[in-house]
Amino acid sequence: MELTTPARVGIFATGLVALFATALGVGNAVGPVVDPPPTGDEAMAEHAGEGAESMAGASEHGGDHLPGGLMVSQDGYTLELAVTRLQPGSSVPLAFTVSDDDGAPLTSYDVEHEKQLHLIVVRRDGTGFQHVHPELDATSGEWSTDVALSAGPWRVLADFVPAGADEGITLGADLAVAGDFEPVQPPDQSRTSQVGDYTVTIEGDLVAGEDADLTLTVEKDGQPVTDLQPYLGANGHLVALRDGDLAYLHVHPEDDGTAGPEIGFVAEVPSAGRYFLYLDFLHGDVVRTATFTLEASR
Ligand SMILES: [Cu+2]
């Protein structure tokens with residue numbers, strides 16, 4: 001599928017460069033994006049600088065981008081959860097709409113990565129991550145799905161492309177789940193994730209403002225998995241969230257033409273600090289999620 005081609009990955013990476021460099025530079029600027037991002041080399045040269053130079057570079061490009069997922073409303077679209085206070089449970093109905101400029105529910109979406117909308121729910125401490133694909137009632141515009149929720153503060157991230165729009169949006173909304181809550185302290189780094197019989201490791205180092213090659217390796221019962229099934233048009237699907245504000249990076253693999261055990265990604269993070277990474281992979285017709293934390297250096 002086209003999204004896995006090197007060209008598409010390149011474009012995506014370039015977009016991230018512009019997106020995060022701008023976020024660092026211009027703070028609260030919001031609004032629709034009109035300028036195309038610079039080419040990869042330009043972006044790297046421009047935004048690899050520090051301080052004023054970097055900020056100027058971002059502004060020159062009309063920098064209107066924040067990282068995704070930080071706002072409940074952007075570009076005229078608003079994420080409206082049907083209920084924002086819920087009780088915990090293993091299968092809790094969650095419903096929402098995306099409203100447009102006029103307050104009307106958006107009913108028409110473009111397909112991206114094989115779906116009209118990707119929904120992430122994650123507790124604020126980075127635990128409980130779920131990446132699901134709700135069902136749309138095309139008449140009312142209401143999306144619905146079931147999720148597992150424990151007590152505590154949660155974030156809901158909706159990643160979608162309004163029909164005909166030039167690019168996608170990720171909106172984020174808070175969700176509070178009742179009950180006693182024991183926040184989990186994440187490790188500085190956690191490079192191995194055990195998911196049932198599967199062991200997934202991540203190699204590579206995140207550096208603020210630079211492309212980082214990440215390689216994830218999937219093993220089952222100690223043996224390399226070489227028959228990963230395609231999932232969302234790729235060998236796996238990586239989501240990265242920044243600890244502290246859950247800024248959202250949506251990263252896709254470089255297609256090396258194999259079905260494992262290695263899955264390569266290029267990721268760029270906007271700043272130093274800790275990131276939560278979640279790999280969804282499909283094997284034996286079951287989607288599993290491996291979880292990591294990485295500390296990005298300056
Ligand atoms: Cu998805």
# chains A, B, ... in the order shown; residues from 1 in each chain; ligands from 1
>>> residues_near_ligand(ligand="ligand 1", cutoff="12 Å", atoms="only C-alpha atoms and all ligand atoms", output="PDB file with N, CA and C atoms, in the first residue's frame")
ATOM      1  N   VAL A 111     -10.248   7.957   4.386  1.00  0.00           N
ATOM      2  CA  VAL A 111      -9.576   6.791   4.968  1.00  0.00           C
ATOM      3  C   VAL A 111      -8.072   7.043   5.000  1.00  0.00           C
ATOM      4  N   GLU A 112      -7.495   6.818   6.159  1.00  0.00           N
ATOM      5  CA  GLU A 112      -6.039   6.918   6.295  1.00  0.00           C
ATOM      6  C   GLU A 112      -5.563   5.708   7.093  1.00  0.00           C
ATOM      7  N   HIS A 113      -4.533   5.072   6.609  1.00  0.00           N
ATOM      8  CA  HIS A 113      -4.058   3.827   7.226  1.00  0.00           C
ATOM      9  C   HIS A 113      -5.216   2.848   7.412  1.00  0.00           C
ATOM     10  N   GLU A 114      -6.012   2.748   6.375  1.00  0.00           N
ATOM     11  CA  GLU A 114      -7.093   1.755   6.264  1.00  0.00           C
ATOM     12  C   GLU A 114      -8.318   2.049   7.118  1.00  0.00           C
ATOM     13  N   LYS A 115      -8.318   3.156   7.860  1.00  0.00           N
ATOM     14  CA  LYS A 115      -9.469   3.463   8.718  1.00  0.00           C
ATOM     15  C   LYS A 115      -9.858   4.935   8.587  1.00  0.00           C
ATOM     16  N   GLN A 116     -11.124   5.197   8.912  1.00  0.00           N
ATOM     17  CA  GLN A 116     -11.605   6.576   8.885  1.00  0.00           C
ATOM     18  C   GLN A 116     -11.193   7.358  10.131  1.00  0.00           C
ATOM     19  N   LEU A 117     -10.974   6.631  11.186  1.00  0.00           N
ATOM     20  CA  LEU A 117     -10.591   7.300  12.424  1.00  0.00           C
ATOM     21  C   LEU A 117      -9.840   6.319  13.318  1.00  0.00           C
ATOM     22  N   HIS A 118      -8.762   6.806  13.879  1.00  0.00           N
ATOM     23  CA  HIS A 118      -7.968   6.003  14.816  1.00  0.00           C
ATOM     24  C   HIS A 118      -8.133   6.627  16.201  1.00  0.00           C
ATOM     25  N   LEU A 119      -8.489   5.806  17.154  1.00  0.00           N
ATOM     26  CA  LEU A 119      -8.720   6.323  18.504  1.00  0.00           C
ATOM     27  C   LEU A 119      -7.699   5.720  19.469  1.00  0.00           C
ATOM     28  N   ILE A 120      -7.045   6.602  20.190  1.00  0.00           N
ATOM     29  CA  ILE A 120      -6.117   6.181  21.236  1.00  0.00           C
ATOM     30  C   ILE A 120      -6.730   6.568  22.567  1.00  0.00           C
ATOM     31  N   VAL A 121      -6.775   5.630  23.496  1.00  0.00           N
ATOM     32  CA  VAL A 121      -7.097   5.997  24.871  1.00  0.00           C
ATOM     33  C   VAL A 121      -5.926   5.548  25.734  1.00  0.00           C
ATOM     34  N   GLN A 130      -4.668   1.891  24.576  1.00  0.00           N
ATOM     35  CA  GLN A 130      -5.474   1.130  23.617  1.00  0.00           C
ATOM     36  C   GLN A 130      -5.600   1.924  22.331  1.00  0.00           C
ATOM     37  N   HIS A 131      -5.422   1.228  21.224  1.00  0.00           N
ATOM     38  CA  HIS A 131      -5.589   1.823  19.898  1.00  0.00           C
ATOM     39  C   HIS A 131      -6.717   1.048  19.237  1.00  0.00           C
ATOM     40  N   VAL A 132      -7.860   1.718  19.079  1.00  0.00           N
ATOM     41  CA  VAL A 132      -9.054   1.026  18.589  1.00  0.00           C
ATOM     42  C   VAL A 132      -9.659   1.806  17.423  1.00  0.00           C
ATOM     43  N   HIS A 133     -10.583   1.139  16.729  1.00  0.00           N
ATOM     44  CA  HIS A 133     -11.236   1.749  15.573  1.00  0.00           C
ATOM     45  C   HIS A 133     -12.735   1.715  15.782  1.00  0.00           C
ATOM     46  N   PRO A 134     -13.282   2.823  16.296  1.00  0.00           N
ATOM     47  CA  PRO A 134     -14.709   2.887  16.610  1.00  0.00           C
ATOM     48  C   PRO A 134     -15.557   2.780  15.347  1.00  0.00           C
ATOM     49  N   LEU A 157      -7.523  10.409  22.292  1.00  0.00           N
ATOM     50  CA  LEU A 157      -6.953  11.050  21.112  1.00  0.00           C
ATOM     51  C   LEU A 157      -7.628  10.498  19.868  1.00  0.00           C
ATOM     52  N   ALA A 158      -8.198  11.388  19.068  1.00  0.00           N
ATOM     53  CA  ALA A 158      -8.869  10.980  17.830  1.00  0.00           C
ATOM     54  C   ALA A 158      -8.068  11.510  16.651  1.00  0.00           C
ATOM     55  N   ASP A 159      -7.622  10.590  15.802  1.00  0.00           N
ATOM     56  CA  ASP A 159      -6.748  10.892  14.664  1.00  0.00           C
ATOM     57  C   ASP A 159      -7.544  10.605  13.399  1.00  0.00           C
ATOM     58  N   PHE A 160      -7.798  11.649  12.603  1.00  0.00           N
ATOM     59  CA  PHE A 160      -8.688  11.485  11.449  1.00  0.00           C
ATOM     60  C   PHE A 160      -8.378  12.542  10.402  1.00  0.00           C
ATOM     61  N   THR A 170      -5.280  15.506  14.904  1.00  0.00           N
ATOM     62  CA  THR A 170      -5.444  14.686  16.089  1.00  0.00           C
ATOM     63  C   THR A 170      -5.929  15.585  17.214  1.00  0.00           C
ATOM     64  N   TYR A 231      -0.713  -5.036   9.233  1.00  0.00           N
ATOM     65  CA  TYR A 231      -1.673  -4.377  10.118  1.00  0.00           C
ATOM     66  C   TYR A 231      -1.703  -2.890   9.781  1.00  0.00           C
ATOM     67  N   LEU A 232      -2.868  -2.405   9.413  1.00  0.00           N
ATOM     68  CA  LEU A 232      -3.026  -1.007   9.005  1.00  0.00           C
ATOM     69  C   LEU A 232      -2.037  -0.657   7.896  1.00  0.00           C
ATOM     70  N   GLY A 233      -1.854  -1.620   6.994  1.00  0.00           N
ATOM     71  CA  GLY A 233      -1.046  -1.371   5.815  1.00  0.00           C
ATOM     72  C   GLY A 233       0.443  -1.463   6.030  1.00  0.00           C
ATOM     73  N   ALA A 234       0.858  -2.042   7.141  1.00  0.00           N
ATOM     74  CA  ALA A 234       2.295  -2.124   7.410  1.00  0.00           C
ATOM     75  C   ALA A 234       2.569  -3.343   8.287  1.00  0.00           C
ATOM     76  N   GLY A 236       3.626  -3.177  11.289  1.00  0.00           N
ATOM     77  CA  GLY A 236       3.332  -2.831  12.672  1.00  0.00           C
ATOM     78  C   GLY A 236       3.019  -1.357  12.717  1.00  0.00           C
ATOM     79  N   HIS A 237       2.532  -0.938  13.859  1.00  0.00           N
ATOM     80  CA  HIS A 237       2.043   0.439  13.960  1.00  0.00           C
ATOM     81  C   HIS A 237       2.570   1.010  15.266  1.00  0.00           C
ATOM     82  N   LEU A 238       3.376   2.050  15.148  1.00  0.00           N
ATOM     83  CA  LEU A 238       4.009   2.618  16.333  1.00  0.00           C
ATOM     84  C   LEU A 238       3.406   3.973  16.673  1.00  0.00           C
ATOM     85  N   VAL A 239       3.026   4.121  17.917  1.00  0.00           N
ATOM     86  CA  VAL A 239       2.565   5.416  18.429  1.00  0.00           C
ATOM     87  C   VAL A 239       3.534   5.857  19.511  1.00  0.00           C
ATOM     88  N   HIS A 250       2.683  10.051  15.386  1.00  0.00           N
ATOM     89  CA  HIS A 250       2.133   8.881  14.715  1.00  0.00           C
ATOM     90  C   HIS A 250       3.188   8.422  13.708  1.00  0.00           C
ATOM     91  N   VAL A 251       3.892   7.378  13.997  1.00  0.00           N
ATOM     92  CA  VAL A 251       5.047   7.000  13.202  1.00  0.00           C
ATOM     93  C   VAL A 251       4.797   5.671  12.492  1.00  0.00           C
ATOM     94  N   HIS A 252       5.255   5.582  11.273  1.00  0.00           N
ATOM     95  CA  HIS A 252       5.054   4.345  10.530  1.00  0.00           C
ATOM     96  C   HIS A 252       6.374   3.735  10.118  1.00  0.00           C
ATOM     97  N   LEU A 279       3.886  -0.333  20.303  1.00  0.00           N
ATOM     98  CA  LEU A 279       3.873  -1.033  19.020  1.00  0.00           C
ATOM     99  C   LEU A 279       2.681  -1.977  18.961  1.00  0.00           C
ATOM    100  N   ASP A 280       1.805  -1.736  18.002  1.00  0.00           N
ATOM    101  CA  ASP A 280       0.739  -2.706  17.717  1.00  0.00           C
ATOM    102  C   ASP A 280       1.216  -3.607  16.590  1.00  0.00           C
ATOM    103  N   PHE A 281       1.169  -4.917  16.822  1.00  0.00           N
ATOM    104  CA  PHE A 281       1.545  -5.851  15.758  1.00  0.00           C
ATOM    105  C   PHE A 281       0.536  -6.994  15.711  1.00  0.00           C
ATOM    106  N   VAL A 287      -4.104  -8.864  17.471  1.00  0.00           N
ATOM    107  CA  VAL A 287      -3.301  -7.643  17.613  1.00  0.00           C
ATOM    108  C   VAL A 287      -2.817  -7.552  19.056  1.00  0.00           C
TER     109      VAL A 287
END
>>> residues_around(residues="stretch 217-222 of chain A", least_positions_apart="4", cutoff="6 Å", atoms="only C-alpha atoms", output="number ranges by chain")
A: 197-201, 261-262
>>> write_last_selection(atoms="N, CA, C and O atoms", output="mmCIF file, in the first residue's frame")
data_model
loop_
_atom_site.group_PDB
_atom_site.id
_atom_site.type_symbol
_atom_site.label_atom_id
_atom_site.label_comp_id
_atom_site.auth_asym_id
_atom_site.auth_seq_id
_atom_site.Cartn_x
_atom_site.Cartn_y
_atom_site.Cartn_z
ATOM 1 N N ASP A 197 3.403 -14.643 25.105
ATOM 2 C CA ASP A 197 4.561 -15.435 24.688
ATOM 3 C C ASP A 197 5.563 -14.624 23.868
ATOM 4 O O ASP A 197 6.590 -15.147 23.442
ATOM 5 N N TYR A 198 5.229 -13.390 23.625
ATOM 6 C CA TYR A 198 6.055 -12.558 22.731
ATOM 7 C C TYR A 198 6.984 -11.637 23.520
ATOM 8 O O TYR A 198 6.576 -11.068 24.543
ATOM 9 N N THR A 199 8.202 -11.537 23.018
ATOM 10 C CA THR A 199 9.156 -10.577 23.562
ATOM 11 C C THR A 199 9.517 -9.604 22.448
ATOM 12 O O THR A 199 9.948 -10.021 21.375
ATOM 13 N N VAL A 200 9.319 -8.342 22.703
ATOM 14 C CA VAL A 200 9.635 -7.324 21.704
ATOM 15 C C VAL A 200 10.690 -6.393 22.290
ATOM 16 O O VAL A 200 10.556 -5.928 23.431
ATOM 17 N N THR A 201 11.752 -6.176 21.513
ATOM 18 C CA THR A 201 12.801 -5.272 21.967
ATOM 19 C C THR A 201 12.895 -4.097 21.003
ATOM 20 O O THR A 201 12.556 -4.209 19.825
ATOM 21 N N PRO A 261 11.708 -10.639 11.559
ATOM 22 C CA PRO A 261 11.315 -10.221 12.921
ATOM 23 C C PRO A 261 11.560 -8.749 13.220
ATOM 24 O O PRO A 261 11.093 -8.268 14.234
ATOM 25 N N GLU A 262 12.292 -8.062 12.308
ATOM 26 C CA GLU A 262 12.592 -6.657 12.597
ATOM 27 C C GLU A 262 11.605 -5.728 11.894
ATOM 28 O O GLU A 262 11.198 -5.976 10.759
#
>>> atom_distance(atom1="atom CA of A:Val147", atom2="atom CA of A:Arg124")
15.4 Å
>>> closest_residue(among="A:Glu254, A:Asp110, A:Glu203, A:Asp245", to="A:Gly273", atoms="only C-alpha atoms")
A:Asp245
>>> atom_distance(atom1="atom CA of A:Leu70", atom2="atom CA of A:Ala176")
16.5 Å
>>> atom_distance(atom1="atom CA of A:Gly76", atom2="atom CA of A:Leu277")
29.3 Å
>>> select_by_dssp(residues="stretch 105-229 of chain A", states="strand (DSSP E or B)", output="number ranges by chain")
A: 105, 109-110, 112, 115, 117-123, 130-132, 135-136, 142-149, 152-162, 169-177, 190, 192-195, 198-203, 207-208, 211-220, 223-224, 229
>>> write_last_selection(atoms="C-alpha atoms", output="compact mmCIF listing (two decimals), in the first residue's frame")
# COMPACT_ATOMS: atom_id res chain seq x y z
CA PRO A 105 -21.40 16.45 13.69
CA TYR A 109 -14.04 11.21 6.64
CA ASP A 110 -11.18 10.17 4.40
CA GLU A 112 -6.04 6.92 6.29
CA LYS A 115 -9.47 3.46 8.72
CA LEU A 117 -10.59 7.30 12.42
CA HIS A 118 -7.97 6.00 14.82
CA LEU A 119 -8.72 6.32 18.50
CA ILE A 120 -6.12 6.18 21.24
CA VAL A 121 -7.10 6.00 24.87
CA VAL A 122 -4.33 6.10 27.46
CA ARG A 123 -4.13 6.92 31.12
CA GLN A 130 -5.47 1.13 23.62
CA HIS A 131 -5.59 1.82 19.90
CA VAL A 132 -9.05 1.03 18.59
CA GLU A 135 -17.80 2.49 14.46
CA LEU A 136 -19.38 5.52 12.86
CA GLU A 142 -21.55 9.46 16.50
CA TRP A 143 -18.58 7.17 16.94
CA SER A 144 -18.75 4.36 19.45
CA THR A 145 -16.52 1.64 20.81
CA ASP A 146 -15.79 -0.23 24.03
CA VAL A 147 -12.62 0.38 25.99
CA ALA A 148 -11.04 -0.88 29.21
CA LEU A 149 -10.72 1.85 31.81
CA GLY A 152 -7.60 7.80 37.08
CA PRO A 153 -7.15 10.60 34.55
CA TRP A 154 -7.27 9.51 30.91
CA ARG A 155 -6.64 11.08 27.56
CA VAL A 156 -8.65 10.32 24.45
CA LEU A 157 -6.95 11.05 21.11
CA ALA A 158 -8.87 10.98 17.83
CA ASP A 159 -6.75 10.89 14.66
CA PHE A 160 -8.69 11.49 11.45
CA VAL A 161 -8.85 13.29 8.12
CA PRO A 162 -12.04 15.26 7.41
CA ILE A 169 -5.92 16.28 12.70
CA THR A 170 -5.44 14.69 16.09
CA LEU A 171 -7.73 16.08 18.76
CA GLY A 172 -7.41 15.20 22.43
CA ALA A 173 -9.89 15.31 25.29
CA ASP A 174 -9.71 14.48 28.98
CA LEU A 175 -11.68 11.67 30.50
CA ALA A 176 -11.92 11.09 34.24
CA VAL A 177 -12.54 7.59 35.57
CA SER A 190 12.37 0.24 29.10
CA THR A 192 12.02 -4.90 26.32
CA SER A 193 8.33 -5.64 26.41
CA GLN A 194 6.83 -8.99 27.26
CA VAL A 195 3.37 -9.59 25.76
CA TYR A 198 6.06 -12.56 22.73
CA THR A 199 9.16 -10.58 23.56
CA VAL A 200 9.63 -7.32 21.70
CA THR A 201 12.80 -5.27 21.97
CA ILE A 202 13.54 -1.79 20.70
CA GLU A 203 16.94 -0.52 19.58
CA VAL A 207 17.54 12.65 19.97
CA ALA A 208 15.58 15.88 20.17
CA ASP A 211 15.68 11.63 12.89
CA ALA A 212 16.15 8.49 14.92
CA ASP A 213 16.21 5.02 13.45
CA LEU A 214 14.32 2.64 15.66
CA THR A 215 14.40 -1.11 15.15
CA LEU A 216 11.87 -3.32 16.87
CA THR A 217 12.40 -7.07 16.97
CA VAL A 218 9.60 -9.52 17.65
CA GLU A 219 10.25 -12.97 19.10
CA LYS A 220 7.87 -15.66 20.23
CA GLN A 223 12.30 -17.59 18.22
CA PRO A 224 12.27 -14.74 15.71
CA GLN A 229 0.70 -10.13 9.39
